[in-house]
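Everything below belongs to work-v2.pdb, which stores PDB, C-alpha atoms.
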ATOM      1  CA  MET B   1      77.837 115.885 104.869
ATOM      2  CA  LYS B   2      80.181 112.881 104.873
ATOM      3  CA  LEU B   3      83.349 111.695 106.539
ATOM      4  CA  VAL B   4      86.342 110.629 104.444
ATOM      5  CA  ARG B   5      89.090 108.490 105.978
ATOM      6  CA  PHE B   6      92.478 108.292 104.271
ATOM      7  CA  GLU B   7      94.878 105.362 104.349
ATOM      8  CA  ASP B   8      97.561 107.196 102.376
ATOM      9  CA  ALA B   9      99.270 110.160 104.075
ATOM     10  CA  ALA B  10     100.286 111.773 100.777
ATOM     11  CA  ALA B  11      96.698 111.753  99.510
ATOM     12  CA  PHE B  12      95.499 113.192 102.821
ATOM     13  CA  CYS B  13      98.041 116.014 102.680
ATOM     14  CA  ASP B  14      97.219 116.799  99.053
ATOM     15  CA  ARG B  15      93.516 117.035  99.841
ATOM     16  CA  THR B  16      93.685 119.020 103.102
ATOM     17  CA  GLN B  17      96.818 121.176 103.043
ATOM     18  CA  SER B  18      95.315 124.127 101.176
ATOM     19  CA  TYR B  19      92.477 124.240 103.727
ATOM     20  CA  LEU B  20      94.919 124.249 106.651
ATOM     21  CA  LEU B  21      97.129 126.871 105.005
ATOM     22  CA  ARG B  22      94.281 129.385 105.053
ATOM     23  CA  HIS B  23      95.324 129.854 108.694
ATOM     24  CA  PRO B  24      98.875 128.456 108.878
ATOM     25  CA  ALA B  25      99.754 129.664 112.375
ATOM     26  CA  GLU B  26      96.501 128.378 113.865
ATOM     27  CA  HIS B  27      96.981 125.026 112.120
ATOM     28  CA  ASN B  28     100.723 124.717 112.771
ATOM     29  CA  LEU B  29     100.312 121.505 114.796
ATOM     30  CA  LEU B  30      98.250 119.753 112.132
ATOM     31  CA  LEU B  31     100.610 120.941 109.408
ATOM     32  CA  GLY B  32     103.541 119.732 111.499
ATOM     33  CA  ILE B  33     101.954 116.297 111.876
ATOM     34  CA  GLN B  34     101.402 116.161 108.127
ATOM     35  CA  SER B  35     105.042 117.036 107.524
ATOM     36  CA  ALA B  36     106.199 114.332 109.936
ATOM     37  CA  LEU B  37     103.938 111.731 108.301
ATOM     38  CA  MET B  38     105.631 112.454 104.985
ATOM     39  CA  ARG B  39     109.224 112.984 106.118
ATOM     40  CA  VAL B  40     109.557 110.774 109.200
ATOM     41  CA  PRO B  41     106.967 107.998 108.931
ATOM     42  CA  GLU B  42     108.995 105.865 111.354
ATOM     43  CA  ALA B  43     107.997 108.318 114.090
ATOM     44  CA  PHE B  44     104.532 106.751 114.143
ATOM     45  CA  SER B  45     104.347 103.257 115.587
ATOM     46  CA  THR B  46     100.580 102.922 115.019
ATOM     47  CA  PRO B  47      98.630 103.785 111.841
ATOM     48  CA  PRO B  48      97.079 107.247 112.241
ATOM     49  CA  ASP B  49      93.465 108.289 111.751
ATOM     50  CA  LEU B  50      93.449 110.819 108.911
ATOM     51  CA  LEU B  51      89.987 112.328 108.573
ATOM     52  CA  LEU B  52      88.065 115.075 106.878
ATOM     53  CA  VAL B  53      84.402 115.959 106.717
ATOM     54  CA  GLU B  54      83.116 117.523 103.525
ATOM     55  CA  LEU B  55      79.874 118.938 102.228
ATOM     56  CA  ALA B  56      79.337 119.201  98.474
ATOM     57  CA  GLY B  57      83.085 118.870  97.987
ATOM     58  CA  GLU B  58      83.926 121.637 100.460
ATOM     59  CA  ILE B  59      85.986 120.734 103.538
ATOM     60  CA  GLN B  60      84.192 121.372 106.815
ATOM     61  CA  ALA B  61      86.767 119.926 109.236
ATOM     62  CA  VAL B  62      90.116 118.148 109.243
ATOM     63  CA  GLY B  63      91.388 115.902 112.024
ATOM     64  CA  THR B  64      94.323 113.637 112.800
ATOM     65  CA  ARG B  65      94.899 111.115 115.551
ATOM     66  CA  THR B  66      98.301 109.504 115.978
ATOM     67  CA  PRO B  67      97.805 106.974 118.811
ATOM     68  CA  PRO B  68      98.309 107.170 121.741
ATOM     69  CA  TYR B  69      97.987 110.940 121.452
ATOM     70  CA  ASN B  70      94.840 113.055 121.446
ATOM     71  CA  PHE B  71      92.721 113.716 118.403
ATOM     72  CA  VAL B  72      93.808 117.043 116.849
ATOM     73  CA  LEU B  73      91.075 119.041 115.144
ATOM     74  CA  SER B  74      91.193 121.971 112.732
ATOM     75  CA  ARG B  75      88.987 125.010 112.543
ATOM     76  CA  VAL B  76      85.489 123.718 111.778
ATOM     77  CA  GLN B  77      83.133 125.332 109.274
ATOM     78  CA  ASP B  78      80.002 123.483 110.385
ATOM     79  CA  LEU B  79      79.882 122.120 113.930
ATOM     80  CA  ASP B  80      77.580 119.304 112.782
ATOM     81  CA  ALA B  81      80.790 117.777 111.434
ATOM     82  CA  LEU B  82      81.779 116.988 115.014
ATOM     83  CA  ASP B  83      78.829 114.630 115.419
ATOM     84  CA  ILE B  84      80.017 112.715 112.366
ATOM     85  CA  ILE B  85      83.605 112.479 113.656
ATOM     86  CA  ALA B  86      82.532 111.419 117.143
ATOM     87  CA  ASP B  87      80.225 108.784 115.666
ATOM     88  CA  TYR B  88      83.106 107.426 113.576
ATOM     89  CA  PHE B  89      85.308 106.904 116.632
ATOM     90  CA  HIS B  90      82.424 105.507 118.678
ATOM     91  CA  ARG B  91      81.470 102.970 116.005
ATOM     92  CA  ALA B  92      85.106 101.955 115.691
ATOM     93  CA  SER B  93      85.080 101.177 119.430
ATOM     94  CA  THR B  94      88.073 103.474 119.734
ATOM     95  CA  SER B  95      89.143 104.744 123.131
ATOM     96  CA  LEU B  96      89.897 108.412 122.542
ATOM     97  CA  SER B  97      92.337 109.858 125.059
ATOM     98  CA  GLY B  98      91.179 113.409 124.415
ATOM     99  CA  ILE B  99      90.815 116.326 122.020
ATOM    100  CA  ASN B 100      93.242 119.124 121.147
ATOM    101  CA  SER B 101      91.717 122.044 119.292
ATOM    102  CA  PHE B 102      90.576 125.636 119.397
ATOM    103  CA  VAL B 103      88.466 126.628 122.369
ATOM    104  CA  GLY B 104      85.047 126.443 120.724
ATOM    105  CA  GLU B 105      85.770 123.302 118.733
ATOM    106  CA  ALA B 106      87.302 121.502 121.717
ATOM    107  CA  GLN B 107      84.429 122.386 124.032
ATOM    108  CA  THR B 108      81.812 121.322 121.502
ATOM    109  CA  PHE B 109      83.507 118.042 120.632
ATOM    110  CA  SER B 110      83.927 117.192 124.311
ATOM    111  CA  GLN B 111      80.208 117.719 124.888
ATOM    112  CA  VAL B 112      79.313 115.664 121.806
ATOM    113  CA  TRP B 113      81.593 112.848 122.992
ATOM    114  CA  LYS B 114      80.044 112.923 126.478
ATOM    115  CA  THR B 115      76.519 112.784 125.065
ATOM    116  CA  LEU B 116      77.451 109.906 122.786
ATOM    117  CA  THR B 117      79.545 107.822 125.200
ATOM    118  CA  GLY B 118      78.859 109.094 128.700
ATOM    119  CA  HIS B 119      82.575 109.832 129.128
ATOM    120  CA  SER B 120      83.316 113.103 130.890
ATOM    121  CA  SER B 121      86.257 115.360 130.033
ATOM    122  CA  THR B 122      88.787 117.408 131.972
ATOM    123  CA  LEU B 123      90.537 120.521 130.714
ATOM    124  CA  LYS B 124      94.141 119.422 131.113
ATOM    125  CA  MET B 125      95.858 122.489 129.654
ATOM    126  CA  HIS B 126      94.890 125.924 128.382
ATOM    127  CA  LEU B 127      97.465 126.800 125.749
ATOM    128  CA  ARG B 128      98.120 129.732 123.463
ATOM    129  CA  ILE B 129      99.530 129.671 119.939
ATOM    130  CA  HIS B 130     102.133 132.321 119.147
ATOM    131  CA  GLN B 131     103.702 133.386 115.861
ATOM    132  CA  LEU B 132     106.966 135.149 115.026
ATOM    133  CA  THR B 133     107.871 136.628 111.653
ATOM    134  CA  GLN B 134     110.957 138.581 112.761
ATOM    135  CA  VAL B 135     113.262 138.099 115.729
ATOM    136  CA  ARG B 136     112.939 141.281 117.770
ATOM    137  CA  GLY B 137     115.394 140.507 120.567
ATOM    138  CA  PRO B 138     118.182 137.952 120.103
ATOM    139  CA  GLY B 139     118.838 137.431 123.813
ATOM    140  CA  THR B 140     122.005 138.172 125.738
ATOM    141  CA  ALA B 141     122.923 134.945 127.541
ATOM    142  CA  GLN B 142     126.512 133.735 127.451
ATOM    143  CA  GLY B 143     127.275 130.667 125.390
ATOM    144  CA  TYR B 144     126.503 129.260 121.965
ATOM    145  CA  LEU B 145     123.998 127.105 120.080
ATOM    146  CA  ARG B 146     124.783 123.753 118.503
ATOM    147  CA  VAL B 147     122.984 120.687 117.195
ATOM    148  CA  ALA B 148     122.530 117.922 119.757
ATOM    149  CA  THR B 149     124.493 114.718 119.137
ATOM    150  CA  LYS B 150     124.450 111.151 120.392
ATOM    151  CA  ARG B 151     127.037 112.135 123.010
ATOM    152  CA  ASP B 152     124.366 114.345 124.627
ATOM    153  CA  ARG B 153     121.754 111.586 124.714
ATOM    154  CA  LYS B 154     121.981 110.623 128.400
ATOM    155  CA  GLN B 155     121.641 114.213 129.582
ATOM    156  CA  LEU B 156     118.865 115.052 127.119
ATOM    157  CA  LEU B 157     116.890 111.945 128.027
ATOM    158  CA  GLN B 158     116.885 113.085 131.663
ATOM    159  CA  TRP B 159     115.738 116.532 130.560
ATOM    160  CA  SER B 160     113.038 115.107 128.273
ATOM    161  CA  GLU B 161     111.649 113.044 131.133
ATOM    162  CA  ALA B 162     111.791 116.032 133.480
ATOM    163  CA  PHE B 163     109.966 118.200 130.920
ATOM    164  CA  SER B 164     107.247 115.563 130.518
ATOM    165  CA  LEU B 165     106.715 115.219 134.255
ATOM    166  CA  GLU B 166     106.739 118.971 134.814
ATOM    167  CA  THR B 167     104.355 119.703 131.928
ATOM    168  CA  PHE B 168     102.013 116.702 131.851
ATOM    169  CA  ASP B 169     102.448 115.141 135.329
ATOM    170  CA  ALA B 170     103.397 111.887 133.588
ATOM    171  CA  LEU B 171     106.008 110.397 131.302
ATOM    172  CA  GLU B 172     104.957 110.652 127.665
ATOM    173  CA  THR B 173     104.954 107.533 125.537
ATOM    174  CA  ASP B 174     108.081 106.679 123.523
ATOM    175  CA  ILE B 175     110.269 109.432 124.961
ATOM    176  CA  GLU B 176     113.484 107.587 124.088
ATOM    177  CA  ARG B 177     112.408 106.772 120.528
ATOM    178  CA  ILE B 178     111.296 110.341 119.883
ATOM    179  CA  LEU B 179     114.547 111.709 121.312
ATOM    180  CA  ASP B 180     116.586 109.421 119.065
ATOM    181  CA  LEU B 181     114.642 110.591 116.008
ATOM    182  CA  GLN B 182     115.165 114.245 116.961
ATOM    183  CA  ILE B 183     118.898 113.679 117.257
ATOM    184  CA  LYS B 184     119.011 111.647 114.035
ATOM    185  CA  HIS B 185     117.180 114.286 112.011
ATOM    186  CA  GLN B 186     119.068 117.174 113.675
ATOM    187  CA  ASN B 187     115.955 118.891 114.986
ATOM    188  CA  LEU B 188     117.196 119.149 118.566
ATOM    189  CA  TYR B 189     119.487 121.989 119.641
ATOM    190  CA  VAL B 190     121.326 122.718 122.867
ATOM    191  CA  TRP B 191     122.642 125.929 124.383
ATOM    192  CA  CYS B 192     126.077 125.543 125.904
ATOM    193  CA  ASP B 193     127.750 127.713 128.508
ATOM    194  CA  ARG B 194     130.721 125.571 129.521
ATOM    195  CA  LYS B 195     128.123 122.787 129.860
ATOM    196  CA  LEU B 196     124.657 122.026 128.468
ATOM    197  CA  VAL B 197     122.171 124.466 130.018
ATOM    198  CA  SER B 198     119.077 124.429 127.786
ATOM    199  CA  MET B 199     117.497 122.560 124.886
ATOM    200  CA  VAL B 200     114.954 123.358 122.180
ATOM    201  CA  VAL B 201     113.418 121.435 119.301
ATOM    202  CA  GLY B 202     113.028 123.413 116.083
ATOM    203  CA  ARG B 203     112.195 122.363 112.547
ATOM    204  CA  VAL B 204     110.722 123.625 109.292
ATOM    205  CA  SER B 205     107.492 121.673 109.399
ATOM    206  CA  GLN B 206     105.095 123.167 106.869
ATOM    207  CA  PRO B 207     105.188 125.162 103.633
ATOM    208  CA  GLY B 208     106.613 128.498 104.713
ATOM    209  CA  GLY B 209     106.610 127.761 108.414
ATOM    210  CA  GLY B 210     108.658 126.403 111.305
ATOM    211  CA  ARG B 211     107.711 125.041 114.719
ATOM    212  CA  ILE B 212     109.466 125.495 118.045
ATOM    213  CA  GLY B 213     109.101 123.200 121.044
ATOM    214  CA  PRO B 214     109.455 121.625 123.413
ATOM    215  CA  VAL B 215     111.827 123.980 125.225
ATOM    216  CA  TYR B 216     113.442 122.976 128.498
ATOM    217  CA  THR B 217     115.948 124.477 130.916
ATOM    218  CA  PRO B 218     116.735 122.657 134.177
ATOM    219  CA  PRO B 219     115.716 124.565 137.321
ATOM    220  CA  GLU B 220     119.316 125.250 138.348
ATOM    221  CA  PHE B 221     119.961 127.143 135.081
ATOM    222  CA  ARG B 222     116.759 129.175 134.899
ATOM    223  CA  ARG B 223     116.432 132.965 135.108
ATOM    224  CA  ARG B 224     119.726 133.476 133.288
ATOM    225  CA  GLY B 225     118.265 134.073 129.819
ATOM    226  CA  TYR B 226     119.359 130.745 128.355
ATOM    227  CA  ALA B 227     115.927 129.700 127.047
ATOM    228  CA  THR B 228     115.246 133.158 125.624
ATOM    229  CA  THR B 229     118.534 133.280 123.761
ATOM    230  CA  CYS B 230     118.284 129.660 122.636
ATOM    231  CA  VAL B 231     114.754 130.037 121.227
ATOM    232  CA  ALA B 232     115.689 133.319 119.538
ATOM    233  CA  ALA B 233     118.694 131.686 117.881
ATOM    234  CA  VAL B 234     116.734 128.675 116.614
ATOM    235  CA  SER B 235     113.879 130.894 115.422
ATOM    236  CA  GLN B 236     116.318 133.070 113.455
ATOM    237  CA  MET B 237     117.930 129.961 111.990
ATOM    238  CA  LEU B 238     114.554 128.690 110.740
ATOM    239  CA  LEU B 239     113.770 132.090 109.211
ATOM    240  CA  ASP B 240     117.168 132.056 107.510
ATOM    241  CA  ARG B 241     116.309 128.637 106.073
ATOM    242  CA  GLY B 242     113.235 130.044 104.371
ATOM    243  CA  ALA B 243     110.480 129.903 106.978
ATOM    244  CA  GLN B 244     108.156 132.886 106.743
ATOM    245  CA  ARG B 245     106.962 132.328 110.306
ATOM    246  CA  CYS B 246     107.769 130.317 113.425
ATOM    247  CA  CYS B 247     105.062 129.057 115.761
ATOM    248  CA  LEU B 248     105.021 127.730 119.294
ATOM    249  CA  PHE B 249     102.599 126.866 122.087
ATOM    250  CA  THR B 250     102.718 128.257 125.615
ATOM    251  CA  ASP B 251     100.825 127.379 128.772
ATOM    252  CA  ILE B 252      98.906 130.526 129.672
ATOM    253  CA  THR B 253      99.329 129.718 133.368
ATOM    254  CA  ASN B 254     103.087 130.222 132.965
ATOM    255  CA  PRO B 255     103.574 134.006 132.740
ATOM    256  CA  THR B 256     107.373 133.658 132.558
ATOM    257  CA  SER B 257     107.432 131.735 129.273
ATOM    258  CA  ASN B 258     104.730 133.937 127.756
ATOM    259  CA  HIS B 259     106.789 137.024 128.605
ATOM    260  CA  ILE B 260     110.146 135.786 127.349
ATOM    261  CA  TYR B 261     108.747 134.664 124.016
ATOM    262  CA  HIS B 262     107.065 138.031 123.578
ATOM    263  CA  THR B 263     110.398 139.789 124.082
ATOM    264  CA  ILE B 264     111.843 137.692 121.241
ATOM    265  CA  GLY B 265     109.052 138.713 118.873
ATOM    266  CA  TYR B 266     106.324 136.081 119.304
ATOM    267  CA  GLU B 267     102.770 137.434 119.207
ATOM    268  CA  ALA B 268      99.636 135.662 120.429
ATOM    269  CA  VAL B 269      97.403 134.221 117.706
ATOM    270  CA  CYS B 270      94.669 132.240 119.471
ATOM    271  CA  ASP B 271      93.940 129.988 122.435
ATOM    272  CA  TRP B 272      93.919 126.211 122.371
ATOM    273  CA  TYR B 273      92.399 123.609 124.718
ATOM    274  CA  ASP B 274      93.726 120.180 125.658
ATOM    275  CA  TYR B 275      90.865 118.046 127.000
ATOM    276  CA  ARG B 276      91.396 114.554 128.392
ATOM    277  CA  PHE B 277      88.529 112.058 128.372
ATOM    278  CA  ALA B 278      87.711 109.788 131.286
TER
END
What does this structure look like when you write it as structure tokens?
Amino acid sequence: MKLVRFEDAAAFCDRTQSYLLRHPAEHNLLLGIQSALMRVPEAFSTPPDLLLVELAGEIQAVGTRTPPYNFVLSRVQDLDALDIIADYFHRASTSLSGINSFVGEAQTFSQVWKTLTGHSSTLKMHLRIHQLTQVRGPGTAQGYLRVATKRDRKQLLQWSEAFSLETFDALETDIERILDLQIKHQNLYVWCDRKLVSMVVGRVSQPGGGRIGPVYTPPEFRRRGYATTCVAAVSQMLLDRGAQRCCLFTDITNPTSNHIYHTIGYEAVCDWYDYRFA
């Protein structure tokens, strides 16, 4: 079993995409990162770690780290691959912020990392991946959807910061730069009802698939159906553009968001852990 590190994003995608597409909904984040590496390379200020572990030419695991974010890990065929990946990061004297992966893979990698480095881990978020193939309920909120523009930037920056603080208890890195790229590439949409009331990011981000999120509605506009209608509209738009499925993540501790997405047509696929390392 050996680890292969790629310098070239195109070569990495060519080698790993068919493996990830065996379970496209489960791997929607990794496929989305691959798409961004190819289409929007300026979104990444630091060279990423693009890794796979193979045995006799067969892929056992695929992982990507785009600093400063967590390492994102695929479904793993042989858990011994995690020892090889952890050893790679340890030898590189790399400070891993955490691991994002499926429950079993995330738990195992966290334990391997603790054994190797002595660094403990904390389960930051318990998420769930959902998939939609047909919009079941379009939503009934008043208003209309449109693409966000530079004129909306001040308001959307405030919302992006509020979303980060509410979701992660901290401001994410490069919020302004990411927002500007979303506006530039027309991936950010707003719902308007006389004024801006909700926002959602949506893009076709993999062969046959689209991704939704983040979604944010300010507290004063919640419980009026804006997010439901906005997400339904963007999901339908992505399907109309050729996506066979749309995927999104929810926090399982938030029953409201899990319910509203289910009413639109999103169905649970699997659970996902976000561990942060000390």
Next item on the list: Kindly resolve the PyMOL selection byres ((chain B and resi 249) around 8) on the present coordinates and return the residues as a list of chain:residue names.
Entry: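 Taken on the displayed file, the PyMOL selection byres ((chain B and resi 249) around 8) yields the residues B:Leu127, B:Arg128, B:Ile129, B:His130, B:Gly213, B:Cys247, B:Leu248, B:Thr250, B:Asp251.
The smallest atom-to-atom distance between Glu7 in chain B and any of B:Ile178, B:Val147, B:Ile264, B:Leu51, using only C-alpha atoms, is found for B:Leu51.
Comparing B:Leu37, B:Gly209, B:Val72, B:Ala61 by their smallest distance to Ser97 in chain B, the closest is B:Val72 (using only C-alpha atoms).
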Item checked: One-decimal distance in Å that lies between CA of Ser95 in chain B and CA of Leu181 in chain B ->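 Between CA of Leu181 in chain B and CA of Ser95 in chain B the gap is 27.1 Å.
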Notebook entry, point to check: Residues at most 12 Å from Asp169 in chain B, counting only C-alpha atoms, excluding those fewer than 6 positions away in the same chain, as a PyMOL selection string?
Noted result: chain B and resi 124-125+161-163
What would range 92-112 of chain B look like with N, CA and C atoms in place, written as a PDB file, in the frame of the given file?
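Below is the file selection08.pdb, written as the result:
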ATOM      1  N   ALA B  92      83.858 102.717 115.814  1.00  0.00           N
ATOM      2  CA  ALA B  92      85.106 101.955 115.691  1.00  0.00           C
ATOM      3  C   ALA B  92      85.551 101.389 117.031  1.00  0.00           C
ATOM      4  N   SER B  93      84.747 101.632 118.071  1.00  0.00           N
ATOM      5  CA  SER B  93      85.080 101.177 119.430  1.00  0.00           C
ATOM      6  C   SER B  93      86.471 101.647 119.841  1.00  0.00           C
ATOM      7  N   THR B  94      86.767 102.888 119.451  1.00  0.00           N
ATOM      8  CA  THR B  94      88.073 103.474 119.734  1.00  0.00           C
ATOM      9  C   THR B  94      88.039 104.233 121.048  1.00  0.00           C
ATOM     10  N   SER B  95      89.037 104.028 121.870  1.00  0.00           N
ATOM     11  CA  SER B  95      89.143 104.744 123.131  1.00  0.00           C
ATOM     12  C   SER B  95      89.934 106.028 122.906  1.00  0.00           C
ATOM     13  N   LEU B  96      89.227 107.127 122.744  1.00  0.00           N
ATOM     14  CA  LEU B  96      89.897 108.412 122.542  1.00  0.00           C
ATOM     15  C   LEU B  96      90.464 108.905 123.869  1.00  0.00           C
ATOM     16  N   SER B  97      91.729 109.327 123.840  1.00  0.00           N
ATOM     17  CA  SER B  97      92.337 109.858 125.059  1.00  0.00           C
ATOM     18  C   SER B  97      91.932 111.297 125.311  1.00  0.00           C
ATOM     19  N   GLY B  98      91.569 112.018 124.232  1.00  0.00           N
ATOM     20  CA  GLY B  98      91.179 113.409 124.415  1.00  0.00           C
ATOM     21  C   GLY B  98      91.113 114.140 123.101  1.00  0.00           C
ATOM     22  N   ILE B  99      90.929 115.458 123.193  1.00  0.00           N
ATOM     23  CA  ILE B  99      90.815 116.326 122.020  1.00  0.00           C
ATOM     24  C   ILE B  99      91.700 117.542 122.208  1.00  0.00           C
ATOM     25  N   ASN B 100      92.450 117.896 121.181  1.00  0.00           N
ATOM     26  CA  ASN B 100      93.242 119.124 121.147  1.00  0.00           C
ATOM     27  C   ASN B 100      92.719 119.979 120.012  1.00  0.00           C
ATOM     28  N   SER B 101      92.256 121.186 120.348  1.00  0.00           N
ATOM     29  CA  SER B 101      91.717 122.044 119.292  1.00  0.00           C
ATOM     30  C   SER B 101      91.501 123.447 119.840  1.00  0.00           C
ATOM     31  N   PHE B 102      90.926 124.281 119.001  1.00  0.00           N
ATOM     32  CA  PHE B 102      90.576 125.636 119.397  1.00  0.00           C
ATOM     33  C   PHE B 102      89.481 125.589 120.457  1.00  0.00           C
ATOM     34  N   VAL B 103      89.331 126.645 121.196  1.00  0.00           N
ATOM     35  CA  VAL B 103      88.466 126.628 122.369  1.00  0.00           C
ATOM     36  C   VAL B 103      87.052 126.159 122.032  1.00  0.00           C
ATOM     37  N   GLY B 104      86.418 126.797 121.062  1.00  0.00           N
ATOM     38  CA  GLY B 104      85.047 126.443 120.724  1.00  0.00           C
ATOM     39  C   GLY B 104      84.915 125.032 120.207  1.00  0.00           C
ATOM     40  N   GLU B 105      85.817 124.646 119.301  1.00  0.00           N
ATOM     41  CA  GLU B 105      85.770 123.302 118.733  1.00  0.00           C
ATOM     42  C   GLU B 105      86.019 122.234 119.794  1.00  0.00           C
ATOM     43  N   ALA B 106      86.983 122.480 120.678  1.00  0.00           N
ATOM     44  CA  ALA B 106      87.302 121.502 121.717  1.00  0.00           C
ATOM     45  C   ALA B 106      86.146 121.342 122.701  1.00  0.00           C
ATOM     46  N   GLN B 107      85.551 122.451 123.103  1.00  0.00           N
ATOM     47  CA  GLN B 107      84.429 122.386 124.032  1.00  0.00           C
ATOM     48  C   GLN B 107      83.249 121.643 123.416  1.00  0.00           C
ATOM     49  N   THR B 108      82.952 121.954 122.165  1.00  0.00           N
ATOM     50  CA  THR B 108      81.812 121.322 121.502  1.00  0.00           C
ATOM     51  C   THR B 108      82.042 119.838 121.301  1.00  0.00           C
ATOM     52  N   PHE B 109      83.240 119.469 120.850  1.00  0.00           N
ATOM     53  CA  PHE B 109      83.507 118.042 120.632  1.00  0.00           C
ATOM     54  C   PHE B 109      83.437 117.275 121.946  1.00  0.00           C
ATOM     55  N   SER B 110      83.964 117.861 123.010  1.00  0.00           N
ATOM     56  CA  SER B 110      83.927 117.192 124.311  1.00  0.00           C
ATOM     57  C   SER B 110      82.494 116.928 124.756  1.00  0.00           C
ATOM     58  N   GLN B 111      81.610 117.894 124.512  1.00  0.00           N
ATOM     59  CA  GLN B 111      80.208 117.719 124.888  1.00  0.00           C
ATOM     60  C   GLN B 111      79.540 116.657 124.011  1.00  0.00           C
ATOM     61  N   VAL B 112      79.857 116.678 122.715  1.00  0.00           N
ATOM     62  CA  VAL B 112      79.313 115.664 121.806  1.00  0.00           C
ATOM     63  C   VAL B 112      79.772 114.273 122.231  1.00  0.00           C
TER      64      VAL B 112
END
